[in-house]
$ cat protein.cif   # mmCIF, N, CA and C atoms
data_protein
loop_
_atom_site.label_atom_id
_atom_site.label_comp_id
_atom_site.auth_asym_id
_atom_site.auth_seq_id
_atom_site.Cartn_x
_atom_site.Cartn_y
_atom_site.Cartn_z
N MET A 1 69.07 -101.36 -84.56
CA MET A 1 69.99 -100.30 -84.21
C MET A 1 69.21 -99.06 -83.74
N GLU A 2 67.98 -99.23 -83.39
CA GLU A 2 67.15 -98.11 -82.98
C GLU A 2 67.72 -97.45 -81.74
N GLY A 3 67.81 -96.13 -81.75
CA GLY A 3 68.31 -95.40 -80.60
C GLY A 3 69.82 -95.42 -80.47
N TYR A 4 70.52 -95.96 -81.43
CA TYR A 4 71.97 -96.07 -81.39
C TYR A 4 72.58 -94.77 -81.89
N ILE A 5 73.41 -94.13 -81.07
CA ILE A 5 74.04 -92.88 -81.45
C ILE A 5 75.54 -93.09 -81.58
N LEU A 6 76.10 -92.71 -82.71
CA LEU A 6 77.53 -92.84 -82.96
C LEU A 6 78.16 -91.46 -82.84
N LYS A 7 79.20 -91.36 -82.03
CA LYS A 7 79.94 -90.12 -81.92
C LYS A 7 81.27 -90.30 -82.63
N VAL A 8 81.48 -89.52 -83.67
CA VAL A 8 82.72 -89.56 -84.43
C VAL A 8 83.29 -88.15 -84.43
N GLU A 9 84.56 -88.02 -84.08
CA GLU A 9 85.19 -86.71 -84.06
C GLU A 9 86.03 -86.54 -85.32
N PHE A 10 85.78 -85.48 -86.08
CA PHE A 10 86.53 -85.20 -87.29
C PHE A 10 87.45 -84.01 -87.03
N THR A 11 88.66 -84.11 -87.58
CA THR A 11 89.62 -83.03 -87.40
C THR A 11 90.28 -82.69 -88.73
N GLY A 12 90.97 -81.54 -88.75
CA GLY A 12 91.78 -81.16 -89.90
C GLY A 12 91.02 -81.11 -91.20
N HIS A 13 91.57 -81.79 -92.22
CA HIS A 13 91.02 -81.75 -93.57
C HIS A 13 89.61 -82.33 -93.65
N GLU A 14 89.21 -83.11 -92.64
CA GLU A 14 87.88 -83.72 -92.67
C GLU A 14 86.78 -82.70 -92.37
N LEU A 15 87.16 -81.47 -92.03
CA LEU A 15 86.19 -80.44 -91.71
C LEU A 15 85.79 -79.61 -92.92
N ASN A 16 86.16 -80.04 -94.11
CA ASN A 16 85.78 -79.32 -95.33
C ASN A 16 84.26 -79.21 -95.40
N PRO A 17 83.74 -78.10 -95.97
CA PRO A 17 82.28 -77.92 -96.00
C PRO A 17 81.55 -78.94 -96.87
N GLY A 18 82.19 -79.47 -97.90
CA GLY A 18 81.57 -80.51 -98.72
C GLY A 18 82.00 -81.87 -98.23
N HIS A 19 81.09 -82.82 -98.24
CA HIS A 19 81.43 -84.16 -97.75
C HIS A 19 81.25 -85.19 -98.84
N ASP A 20 82.18 -86.10 -98.90
CA ASP A 20 82.12 -87.22 -99.82
C ASP A 20 81.29 -88.30 -99.13
N MET A 21 80.06 -88.50 -99.59
CA MET A 21 79.15 -89.44 -98.92
C MET A 21 79.66 -90.87 -98.96
N LYS A 22 80.37 -91.26 -100.02
CA LYS A 22 80.91 -92.62 -100.05
C LYS A 22 81.90 -92.81 -98.91
N LYS A 23 82.85 -91.86 -98.80
CA LYS A 23 83.86 -91.97 -97.74
C LYS A 23 83.20 -91.90 -96.37
N LEU A 24 82.30 -90.94 -96.18
CA LEU A 24 81.63 -90.78 -94.90
C LEU A 24 80.84 -92.03 -94.53
N SER A 25 80.14 -92.63 -95.48
CA SER A 25 79.36 -93.86 -95.22
C SER A 25 80.26 -95.02 -94.82
N ILE A 26 81.34 -95.21 -95.58
CA ILE A 26 82.24 -96.33 -95.31
C ILE A 26 82.96 -96.14 -93.97
N MET A 27 83.44 -94.92 -93.69
CA MET A 27 84.14 -94.66 -92.44
C MET A 27 83.22 -94.83 -91.24
N THR A 28 81.99 -94.34 -91.35
CA THR A 28 81.03 -94.48 -90.25
C THR A 28 80.69 -95.95 -90.03
N ALA A 29 80.47 -96.69 -91.11
CA ALA A 29 80.18 -98.12 -90.99
C ALA A 29 81.36 -98.84 -90.34
N GLN A 30 82.60 -98.50 -90.72
CA GLN A 30 83.79 -99.15 -90.15
C GLN A 30 83.87 -98.89 -88.64
N CYS A 31 83.57 -97.66 -88.22
CA CYS A 31 83.57 -97.34 -86.78
C CYS A 31 82.55 -98.21 -86.03
N LEU A 32 81.36 -98.35 -86.61
CA LEU A 32 80.33 -99.17 -85.98
C LEU A 32 80.71 -100.64 -85.95
N VAL A 33 81.30 -101.13 -87.04
CA VAL A 33 81.72 -102.53 -87.10
C VAL A 33 82.78 -102.81 -86.03
N GLU A 34 83.75 -101.91 -85.90
CA GLU A 34 84.79 -102.08 -84.89
C GLU A 34 84.18 -102.15 -83.50
N GLU A 35 83.22 -101.26 -83.24
CA GLU A 35 82.57 -101.24 -81.93
C GLU A 35 81.77 -102.52 -81.68
N MET A 36 81.05 -102.99 -82.69
CA MET A 36 80.22 -104.20 -82.54
C MET A 36 81.06 -105.47 -82.44
N GLN A 37 82.26 -105.43 -83.03
CA GLN A 37 83.12 -106.62 -83.01
C GLN A 37 84.08 -106.63 -81.83
N ASP A 38 83.99 -105.64 -80.94
CA ASP A 38 84.88 -105.56 -79.80
C ASP A 38 84.81 -106.86 -79.00
N GLY A 39 85.94 -107.50 -78.85
CA GLY A 39 86.00 -108.76 -78.11
C GLY A 39 85.79 -110.00 -78.97
N VAL A 40 85.40 -109.82 -80.24
CA VAL A 40 85.21 -110.95 -81.15
C VAL A 40 86.58 -111.36 -81.68
N GLU A 41 86.86 -112.66 -81.65
CA GLU A 41 88.18 -113.15 -82.05
C GLU A 41 88.47 -112.94 -83.53
N GLU A 42 87.57 -113.37 -84.40
CA GLU A 42 87.81 -113.25 -85.84
C GLU A 42 87.12 -112.00 -86.38
N GLN A 43 87.93 -111.01 -86.73
CA GLN A 43 87.41 -109.73 -87.22
C GLN A 43 87.05 -109.85 -88.70
N ARG A 44 85.93 -109.27 -89.08
CA ARG A 44 85.51 -109.27 -90.49
C ARG A 44 86.28 -108.20 -91.24
N LYS A 45 86.51 -108.44 -92.53
CA LYS A 45 87.25 -107.52 -93.37
C LYS A 45 86.30 -106.70 -94.22
N ILE A 46 86.77 -105.56 -94.68
CA ILE A 46 85.98 -104.70 -95.57
C ILE A 46 86.17 -105.18 -97.00
N GLN A 47 85.10 -105.20 -97.76
CA GLN A 47 85.14 -105.64 -99.16
C GLN A 47 84.53 -104.52 -100.00
N ILE A 48 85.32 -103.97 -100.91
CA ILE A 48 84.89 -102.85 -101.74
C ILE A 48 84.80 -103.32 -103.19
N THR A 49 83.71 -102.98 -103.84
CA THR A 49 83.52 -103.33 -105.24
C THR A 49 83.75 -102.08 -106.10
N THR A 50 84.59 -102.24 -107.14
CA THR A 50 84.77 -101.19 -108.13
C THR A 50 84.23 -101.73 -109.45
N SER A 51 84.34 -100.96 -110.51
CA SER A 51 83.80 -101.41 -111.80
C SER A 51 84.58 -102.59 -112.37
N ASN A 52 85.83 -102.77 -111.95
CA ASN A 52 86.63 -103.85 -112.55
C ASN A 52 87.29 -104.79 -111.56
N SER A 53 87.06 -104.59 -110.25
CA SER A 53 87.70 -105.48 -109.29
C SER A 53 86.99 -105.50 -107.95
N LEU A 54 87.37 -106.48 -107.16
CA LEU A 54 86.93 -106.62 -105.79
C LEU A 54 88.15 -106.34 -104.93
N ILE A 55 88.03 -105.44 -103.96
CA ILE A 55 89.15 -105.08 -103.09
C ILE A 55 88.81 -105.52 -101.68
N ILE A 56 89.69 -106.32 -101.09
CA ILE A 56 89.47 -106.82 -99.73
C ILE A 56 90.63 -106.31 -98.87
N ALA A 57 90.28 -105.69 -97.73
CA ALA A 57 91.30 -105.13 -96.84
C ALA A 57 90.95 -105.48 -95.40
N ASP A 58 91.98 -105.48 -94.55
CA ASP A 58 91.75 -105.77 -93.13
C ASP A 58 90.70 -104.83 -92.55
N LYS A 59 90.94 -103.53 -92.70
CA LYS A 59 89.99 -102.54 -92.23
C LYS A 59 90.47 -101.17 -92.66
N LEU A 60 89.61 -100.19 -92.49
CA LEU A 60 89.98 -98.80 -92.72
C LEU A 60 90.52 -98.26 -91.41
N ASN A 61 91.49 -97.39 -91.50
CA ASN A 61 92.03 -96.81 -90.28
C ASN A 61 91.12 -95.69 -89.81
N THR A 62 90.54 -95.84 -88.62
CA THR A 62 89.64 -94.84 -88.08
C THR A 62 90.23 -94.17 -86.84
N THR A 63 91.50 -94.44 -86.55
CA THR A 63 92.14 -93.86 -85.38
C THR A 63 93.30 -92.97 -85.81
N GLU A 64 93.84 -92.23 -84.87
CA GLU A 64 94.98 -91.36 -85.13
C GLU A 64 96.15 -92.22 -85.62
N PRO A 65 96.84 -91.80 -86.69
CA PRO A 65 97.93 -92.62 -87.22
C PRO A 65 99.08 -92.77 -86.23
N ASN A 66 99.63 -93.98 -86.18
CA ASN A 66 100.80 -94.28 -85.35
C ASN A 66 102.00 -94.38 -86.31
N GLU A 67 102.83 -93.35 -86.35
CA GLU A 67 103.90 -93.28 -87.34
C GLU A 67 104.87 -94.45 -87.26
N SER A 68 105.05 -95.05 -86.09
CA SER A 68 105.99 -96.17 -85.97
C SER A 68 105.46 -97.44 -86.64
N LYS A 69 104.14 -97.50 -86.89
CA LYS A 69 103.55 -98.69 -87.50
C LYS A 69 103.05 -98.44 -88.92
N MET A 70 103.34 -97.27 -89.47
CA MET A 70 102.82 -96.91 -90.79
C MET A 70 103.71 -97.46 -91.91
N THR A 71 103.06 -97.79 -93.02
CA THR A 71 103.81 -98.21 -94.21
C THR A 71 104.39 -96.96 -94.88
N LEU A 72 105.28 -97.17 -95.84
CA LEU A 72 105.89 -96.05 -96.56
C LEU A 72 104.83 -95.20 -97.27
N LEU A 73 103.85 -95.84 -97.90
CA LEU A 73 102.78 -95.11 -98.58
C LEU A 73 101.99 -94.28 -97.59
N ASP A 74 101.65 -94.86 -96.43
CA ASP A 74 100.90 -94.13 -95.41
C ASP A 74 101.67 -92.89 -94.95
N LYS A 75 102.96 -93.05 -94.71
CA LYS A 75 103.80 -91.92 -94.27
C LYS A 75 103.86 -90.84 -95.35
N ALA A 76 104.02 -91.25 -96.61
CA ALA A 76 104.10 -90.29 -97.71
C ALA A 76 102.79 -89.52 -97.85
N LEU A 77 101.65 -90.22 -97.74
CA LEU A 77 100.35 -89.55 -97.85
C LEU A 77 100.12 -88.58 -96.70
N LEU A 78 100.52 -88.98 -95.50
CA LEU A 78 100.37 -88.11 -94.34
C LEU A 78 101.22 -86.85 -94.52
N LYS A 79 102.45 -87.01 -94.97
CA LYS A 79 103.34 -85.86 -95.19
C LYS A 79 102.82 -84.98 -96.33
N SER A 80 102.22 -85.59 -97.36
CA SER A 80 101.72 -84.81 -98.49
C SER A 80 100.57 -83.89 -98.09
N GLU A 81 99.88 -84.21 -97.00
CA GLU A 81 98.79 -83.36 -96.54
C GLU A 81 99.28 -81.95 -96.21
N ASP A 82 100.56 -81.83 -95.77
CA ASP A 82 101.12 -80.52 -95.46
C ASP A 82 101.14 -79.62 -96.69
N THR A 83 101.26 -80.21 -97.87
CA THR A 83 101.27 -79.45 -99.12
C THR A 83 99.86 -79.30 -99.69
N MET A 84 99.10 -80.40 -99.69
CA MET A 84 97.80 -80.41 -100.36
C MET A 84 96.73 -79.55 -99.69
N PHE A 85 96.57 -79.67 -98.38
CA PHE A 85 95.44 -79.02 -97.73
C PHE A 85 95.52 -77.51 -97.71
N PRO A 86 96.71 -76.89 -97.60
CA PRO A 86 96.75 -75.42 -97.77
C PRO A 86 96.29 -75.00 -99.17
N LEU A 87 96.64 -75.78 -100.20
CA LEU A 87 96.20 -75.46 -101.56
C LEU A 87 94.68 -75.57 -101.69
N ILE A 88 94.10 -76.59 -101.07
CA ILE A 88 92.65 -76.76 -101.10
C ILE A 88 91.97 -75.62 -100.36
N ASN A 89 92.53 -75.25 -99.19
CA ASN A 89 91.94 -74.17 -98.40
C ASN A 89 92.04 -72.81 -99.10
N GLU A 90 93.09 -72.60 -99.90
CA GLU A 90 93.25 -71.35 -100.66
C GLU A 90 92.26 -71.28 -101.82
N GLY A 91 91.68 -72.41 -102.19
CA GLY A 91 90.77 -72.46 -103.32
C GLY A 91 91.48 -72.73 -104.64
N SER A 92 92.78 -73.03 -104.59
CA SER A 92 93.55 -73.31 -105.80
C SER A 92 93.23 -74.68 -106.38
N VAL A 93 92.81 -75.59 -105.52
CA VAL A 93 92.55 -76.98 -105.93
C VAL A 93 91.21 -77.40 -105.35
N THR A 94 90.44 -78.14 -106.11
CA THR A 94 89.18 -78.68 -105.62
C THR A 94 89.22 -80.20 -105.76
N ASN A 95 88.82 -80.87 -104.71
CA ASN A 95 88.75 -82.33 -104.75
C ASN A 95 87.37 -82.74 -104.26
N PHE A 96 86.57 -83.26 -105.17
CA PHE A 96 85.22 -83.67 -104.79
C PHE A 96 85.18 -85.10 -104.27
N ASN A 97 86.26 -85.84 -104.48
CA ASN A 97 86.30 -87.24 -104.07
C ASN A 97 87.36 -87.43 -103.00
N GLY A 98 87.01 -88.21 -102.00
CA GLY A 98 87.95 -88.51 -100.93
C GLY A 98 88.83 -89.68 -101.31
N MET A 99 89.71 -90.02 -100.40
CA MET A 99 90.61 -91.15 -100.59
C MET A 99 90.55 -92.00 -99.33
N LEU A 100 90.49 -93.30 -99.53
CA LEU A 100 90.57 -94.25 -98.43
C LEU A 100 91.93 -94.93 -98.51
N VAL A 101 92.61 -95.03 -97.40
CA VAL A 101 93.88 -95.75 -97.36
C VAL A 101 93.60 -97.07 -96.67
N LEU A 102 93.81 -98.16 -97.40
CA LEU A 102 93.49 -99.50 -96.92
C LEU A 102 94.77 -100.25 -96.54
N SER A 103 94.67 -101.15 -95.57
CA SER A 103 95.82 -101.94 -95.12
C SER A 103 95.63 -103.41 -95.45
N ASN A 104 96.74 -104.09 -95.76
CA ASN A 104 96.73 -105.52 -96.08
C ASN A 104 95.64 -105.82 -97.10
N VAL A 105 95.89 -105.37 -98.32
CA VAL A 105 94.89 -105.36 -99.38
C VAL A 105 95.10 -106.48 -100.39
N LYS A 106 93.98 -107.07 -100.80
CA LYS A 106 93.96 -108.01 -101.91
C LYS A 106 93.01 -107.46 -102.96
N ILE A 107 93.50 -107.33 -104.19
CA ILE A 107 92.67 -106.86 -105.30
C ILE A 107 92.44 -108.04 -106.23
N VAL A 108 91.18 -108.36 -106.44
CA VAL A 108 90.79 -109.48 -107.29
C VAL A 108 90.16 -108.90 -108.56
N PRO A 109 90.90 -108.88 -109.68
CA PRO A 109 90.33 -108.34 -110.91
C PRO A 109 89.24 -109.26 -111.45
N PHE A 110 88.12 -108.68 -111.87
CA PHE A 110 87.03 -109.48 -112.41
C PHE A 110 87.46 -110.20 -113.69
N ALA A 111 88.31 -109.58 -114.49
CA ALA A 111 88.74 -110.17 -115.76
C ALA A 111 89.66 -111.37 -115.56
N ASN A 112 90.36 -111.44 -114.42
CA ASN A 112 91.29 -112.54 -114.16
C ASN A 112 91.36 -112.79 -112.65
N PRO A 113 90.34 -113.42 -112.08
CA PRO A 113 90.26 -113.60 -110.62
C PRO A 113 91.40 -114.42 -110.01
N GLU A 114 92.09 -115.20 -110.83
CA GLU A 114 93.21 -116.00 -110.30
C GLU A 114 94.44 -115.13 -110.06
N ASN A 115 94.49 -113.95 -110.67
CA ASN A 115 95.64 -113.05 -110.56
C ASN A 115 95.38 -112.03 -109.45
N VAL A 116 95.45 -112.48 -108.20
CA VAL A 116 95.20 -111.61 -107.05
C VAL A 116 96.44 -110.75 -106.81
N ILE A 117 96.21 -109.45 -106.66
CA ILE A 117 97.29 -108.49 -106.41
C ILE A 117 97.23 -108.11 -104.94
N GLU A 118 98.39 -108.15 -104.26
CA GLU A 118 98.42 -107.85 -102.83
C GLU A 118 99.33 -106.67 -102.54
N TYR A 119 98.88 -105.81 -101.60
CA TYR A 119 99.63 -104.63 -101.17
C TYR A 119 99.56 -104.52 -99.65
N ASP A 120 100.64 -103.99 -99.04
CA ASP A 120 100.59 -103.68 -97.61
C ASP A 120 99.66 -102.50 -97.37
N SER A 121 99.69 -101.55 -98.30
CA SER A 121 98.89 -100.35 -98.18
C SER A 121 98.43 -99.93 -99.57
N TYR A 122 97.20 -99.42 -99.67
CA TYR A 122 96.66 -99.05 -100.98
C TYR A 122 95.73 -97.85 -100.81
N ALA A 123 95.91 -96.83 -101.65
CA ALA A 123 95.06 -95.64 -101.61
C ALA A 123 94.01 -95.76 -102.71
N LEU A 124 92.74 -95.64 -102.35
CA LEU A 124 91.64 -95.78 -103.28
C LEU A 124 90.80 -94.51 -103.27
N TYR A 125 90.67 -93.87 -104.44
CA TYR A 125 89.80 -92.70 -104.54
C TYR A 125 88.35 -93.16 -104.57
N THR A 126 87.51 -92.46 -103.86
CA THR A 126 86.13 -92.92 -103.67
C THR A 126 85.28 -92.88 -104.94
N ASP A 127 85.71 -92.13 -105.96
CA ASP A 127 84.92 -92.12 -107.19
C ASP A 127 84.95 -93.47 -107.90
N HIS A 128 85.82 -94.38 -107.48
CA HIS A 128 85.90 -95.72 -108.08
C HIS A 128 85.02 -96.73 -107.33
N ILE A 129 84.48 -96.35 -106.20
CA ILE A 129 83.70 -97.28 -105.38
C ILE A 129 82.27 -97.39 -105.89
N MET A 130 81.84 -98.65 -106.08
CA MET A 130 80.45 -98.91 -106.47
C MET A 130 79.64 -99.38 -105.26
N GLY A 131 80.32 -100.02 -104.32
CA GLY A 131 79.65 -100.52 -103.13
C GLY A 131 80.65 -101.14 -102.19
N PHE A 132 80.18 -101.49 -100.98
CA PHE A 132 81.07 -102.14 -100.02
C PHE A 132 80.27 -103.08 -99.13
N GLY A 133 81.00 -104.00 -98.52
CA GLY A 133 80.37 -104.96 -97.62
C GLY A 133 81.43 -105.50 -96.69
N LEU A 134 81.06 -106.53 -95.94
CA LEU A 134 81.99 -107.18 -95.03
C LEU A 134 82.15 -108.63 -95.43
N THR A 135 83.36 -109.15 -95.29
CA THR A 135 83.61 -110.55 -95.59
C THR A 135 83.30 -111.39 -94.37
N GLU A 136 83.18 -112.66 -94.58
CA GLU A 136 82.98 -113.60 -93.47
C GLU A 136 84.28 -113.89 -92.79
#

$ encode --input "protein.cif" --output "structure tokens"
Amino acid sequence: MEGYILKVEFTGHELNPGHDMKKLSIMTAQCLVEEMQDGVEEQRKIQITTSNSLIIADKLNTTEPNESKMTLLDKALLKSEDTMFPLINEGSVTNFNGMLVLSNVKIVPFANPENVIEYDSYALYTDHIMGFGLTE
């Protein structure tokens, strides 16, 4: 990847002076994966490890949200930003951890791997992330 330059444009709440390195690392990697897989038929999925489960999702959303294709949770989180970010900017609230919103999610608990939990959309706070990778 020598000499490879990634241009990512951040807007709105992503311009906070403090950055969540877990979120920034995963989002940047997802952008690169999407670019490298352009034209590939079978897209690889993101796999996130937490202390008690494995989370597998289609991908992280790295583009502007399309409200006509959003799940109820996605719409609610987007609308909640109108309330949350003014409070953060006023200094009333501090959030050191970001949130990733995942689509088409399977959660495999380590304690009971046969009991796979599935969601159309799932919000994961980055303080729960131990690592991430790509599935085959």

$ resolve_selection --input "protein.cif" --expression "the PyMOL selection byres ((chain A and resi 52) around 8)" --output "PyMOL selection string"
chain A and resi 49-51+53-55+108-112+128

$ write_last_selection --input "protein.cif" --atoms "N, CA and C atoms" --output "PDB file, in the coordinates of the input"
ATOM      1  N   THR A  49      83.710-102.980-103.840  1.00  0.00           N
ATOM      2  CA  THR A  49      83.520-103.330-105.240  1.00  0.00           C
ATOM      3  C   THR A  49      83.750-102.080-106.100  1.00  0.00           C
ATOM      4  N   THR A  50      84.590-102.240-107.140  1.00  0.00           N
ATOM      5  CA  THR A  50      84.770-101.190-108.130  1.00  0.00           C
ATOM      6  C   THR A  50      84.230-101.730-109.450  1.00  0.00           C
ATOM      7  N   SER A  51      84.340-100.960-110.510  1.00  0.00           N
ATOM      8  CA  SER A  51      83.800-101.410-111.800  1.00  0.00           C
ATOM      9  C   SER A  51      84.580-102.590-112.370  1.00  0.00           C
ATOM     10  N   SER A  53      87.060-104.590-110.250  1.00  0.00           N
ATOM     11  CA  SER A  53      87.700-105.480-109.290  1.00  0.00           C
ATOM     12  C   SER A  53      86.990-105.500-107.950  1.00  0.00           C
ATOM     13  N   LEU A  54      87.370-106.480-107.160  1.00  0.00           N
ATOM     14  CA  LEU A  54      86.930-106.620-105.790  1.00  0.00           C
ATOM     15  C   LEU A  54      88.150-106.340-104.930  1.00  0.00           C
ATOM     16  N   ILE A  55      88.030-105.440-103.960  1.00  0.00           N
ATOM     17  CA  ILE A  55      89.150-105.080-103.090  1.00  0.00           C
ATOM     18  C   ILE A  55      88.810-105.520-101.680  1.00  0.00           C
ATOM     19  N   VAL A 108      91.180-108.360-106.440  1.00  0.00           N
ATOM     20  CA  VAL A 108      90.790-109.480-107.290  1.00  0.00           C
ATOM     21  C   VAL A 108      90.160-108.900-108.560  1.00  0.00           C
ATOM     22  N   PRO A 109      90.900-108.880-109.680  1.00  0.00           N
ATOM     23  CA  PRO A 109      90.330-108.340-110.910  1.00  0.00           C
ATOM     24  C   PRO A 109      89.240-109.260-111.450  1.00  0.00           C
ATOM     25  N   PHE A 110      88.120-108.680-111.870  1.00  0.00           N
ATOM     26  CA  PHE A 110      87.030-109.480-112.410  1.00  0.00           C
ATOM     27  C   PHE A 110      87.460-110.200-113.690  1.00  0.00           C
ATOM     28  N   ALA A 111      88.310-109.580-114.490  1.00  0.00           N
ATOM     29  CA  ALA A 111      88.740-110.170-115.760  1.00  0.00           C
ATOM     30  C   ALA A 111      89.660-111.370-115.560  1.00  0.00           C
ATOM     31  N   ASN A 112      90.360-111.440-114.420  1.00  0.00           N
ATOM     32  CA  ASN A 112      91.290-112.540-114.160  1.00  0.00           C
ATOM     33  C   ASN A 112      91.360-112.790-112.650  1.00  0.00           C
ATOM     34  N   HIS A 128      85.820 -94.380-107.480  1.00  0.00           N
ATOM     35  CA  HIS A 128      85.900 -95.720-108.080  1.00  0.00           C
ATOM     36  C   HIS A 128      85.020 -96.730-107.330  1.00  0.00           C
TER      37      HIS A 128
END

$ atom_distance --input "protein.cif" --atom1 "atom C of Ala123 in chain A" --atom2 "atom C of Leu102 in chain A"
7.7 Å

$ atom_distance --input "protein.cif" --atom1 "atom C of Gly131 in chain A" --atom2 "atom N of Ser103 in chain A"
15.5 Å

$ atom_distance --input "protein.cif" --atom1 "atom N of Gln47 in chain A" --atom2 "atom N of Leu60 in chain A"
8.6 Å

$ residues_around --input "protein.cif" --residues "Lys59 in chain A" --least-positions-apart "5" --cutoff "7 Å" --atoms "all atoms listed in the file" --output "list in words"
Arg44, Lys45, Ile46, Val101, Leu102, Ser103 and Asn104 of chain A

$ resolve_selection --input "protein.cif" --expression "the PyMOL selection byres ((chain A and resi 99) around 5)" --output "mmCIF file with N, CA and C atoms, keeping the file's coordinate frame"
data_model
loop_
_atom_site.group_PDB
_atom_site.id
_atom_site.type_symbol
_atom_site.label_atom_id
_atom_site.label_comp_id
_atom_site.auth_asym_id
_atom_site.auth_seq_id
_atom_site.Cartn_x
_atom_site.Cartn_y
_atom_site.Cartn_z
ATOM 1 N N ASN A 97 86.260 -85.840 -104.480
ATOM 2 C CA ASN A 97 86.300 -87.240 -104.070
ATOM 3 C C ASN A 97 87.360 -87.430 -103.000
ATOM 4 N N GLY A 98 87.010 -88.210 -102.000
ATOM 5 C CA GLY A 98 87.950 -88.510 -100.930
ATOM 6 C C GLY A 98 88.830 -89.680 -101.310
ATOM 7 N N LEU A 100 90.490 -93.300 -99.530
ATOM 8 C CA LEU A 100 90.570 -94.250 -98.430
ATOM 9 C C LEU A 100 91.930 -94.930 -98.510
ATOM 10 N N VAL A 101 92.610 -95.030 -97.400
ATOM 11 C CA VAL A 101 93.880 -95.750 -97.360
ATOM 12 C C VAL A 101 93.600 -97.070 -96.670
ATOM 13 N N LEU A 124 92.740 -95.640 -102.350
ATOM 14 C CA LEU A 124 91.640 -95.780 -103.280
ATOM 15 C C LEU A 124 90.800 -94.510 -103.270
ATOM 16 N N TYR A 125 90.670 -93.870 -104.440
ATOM 17 C CA TYR A 125 89.800 -92.700 -104.540
ATOM 18 C C TYR A 125 88.350 -93.160 -104.570
ATOM 19 N N THR A 126 87.510 -92.460 -103.860
ATOM 20 C CA THR A 126 86.130 -92.920 -103.670
ATOM 21 C C THR A 126 85.280 -92.880 -104.940
#

$ residues_near_point --input "protein.cif" --point "(85.8, -93.0, -94.0)" --cutoff "8 Å" --atoms "all atoms listed in the file" --output "list in words"
Lys22, Lys23, Leu24, Ser25, Ile26, Met27, Thr28, Ala29, Gln30, Cys31, Leu60, Asn61, Thr62, Met99, Leu100 and Val101 of chain A

$ decode --input "protein.cif" --residues "range 21-32 of chain A" --atoms "N, CA, C and O atoms" --output "tab-separated table (two decimals), in the first residue's frame"
chain	number	residue	atom	x	y	z
A	21	MET	N	-10.08	6.71	18.19
A	21	MET	CA	-9.20	5.98	17.27
A	21	MET	C	-9.80	4.66	16.80
A	21	MET	O	-9.55	4.23	15.68
A	22	LYS	N	-10.59	4.00	17.65
A	22	LYS	CA	-11.21	2.75	17.20
A	22	LYS	C	-12.16	3.03	16.04
A	22	LYS	O	-12.11	2.37	15.01
A	23	LYS	N	-13.03	4.03	16.23
A	23	LYS	CA	-13.99	4.37	15.17
A	23	LYS	C	-13.26	4.85	13.92
A	23	LYS	O	-13.56	4.42	12.81
A	24	LEU	N	-12.29	5.73	14.10
A	24	LEU	CA	-11.54	6.26	12.96
A	24	LEU	C	-10.82	5.15	12.21
A	24	LEU	O	-10.84	5.11	10.97
A	25	SER	N	-10.21	4.21	12.92
A	25	SER	CA	-9.50	3.09	12.28
A	25	SER	C	-10.45	2.20	11.49
A	25	SER	O	-10.17	1.83	10.35
A	26	ILE	N	-11.58	1.86	12.11
A	26	ILE	CA	-12.53	0.96	11.45
A	26	ILE	C	-13.16	1.65	10.24
A	26	ILE	O	-13.29	1.05	9.17
A	27	MET	N	-13.55	2.92	10.38
A	27	MET	CA	-14.17	3.64	9.27
A	27	MET	C	-13.20	3.81	8.11
A	27	MET	O	-13.56	3.63	6.95
A	28	THR	N	-11.95	4.14	8.41
A	28	THR	CA	-10.94	4.30	7.35
A	28	THR	C	-10.69	2.97	6.65
A	28	THR	O	-10.62	2.91	5.43
A	29	ALA	N	-10.57	1.90	7.43
A	29	ALA	CA	-10.37	0.57	6.84
A	29	ALA	C	-11.56	0.20	5.95
A	29	ALA	O	-11.38	-0.34	4.85
A	30	GLN	N	-12.79	0.49	6.39
A	30	GLN	CA	-13.99	0.17	5.60
A	30	GLN	C	-13.97	0.93	4.27
A	30	GLN	O	-14.28	0.36	3.23
A	31	CYS	N	-13.57	2.20	4.29
A	31	CYS	CA	-13.48	2.98	3.05
A	31	CYS	C	-12.48	2.34	2.08
A	31	CYS	O	-12.75	2.21	0.89
A	32	LEU	N	-11.34	1.92	2.61
A	32	LEU	CA	-10.32	1.28	1.76
A	32	LEU	C	-10.80	-0.07	1.23
A	32	LEU	O	-10.59	-0.40	0.06
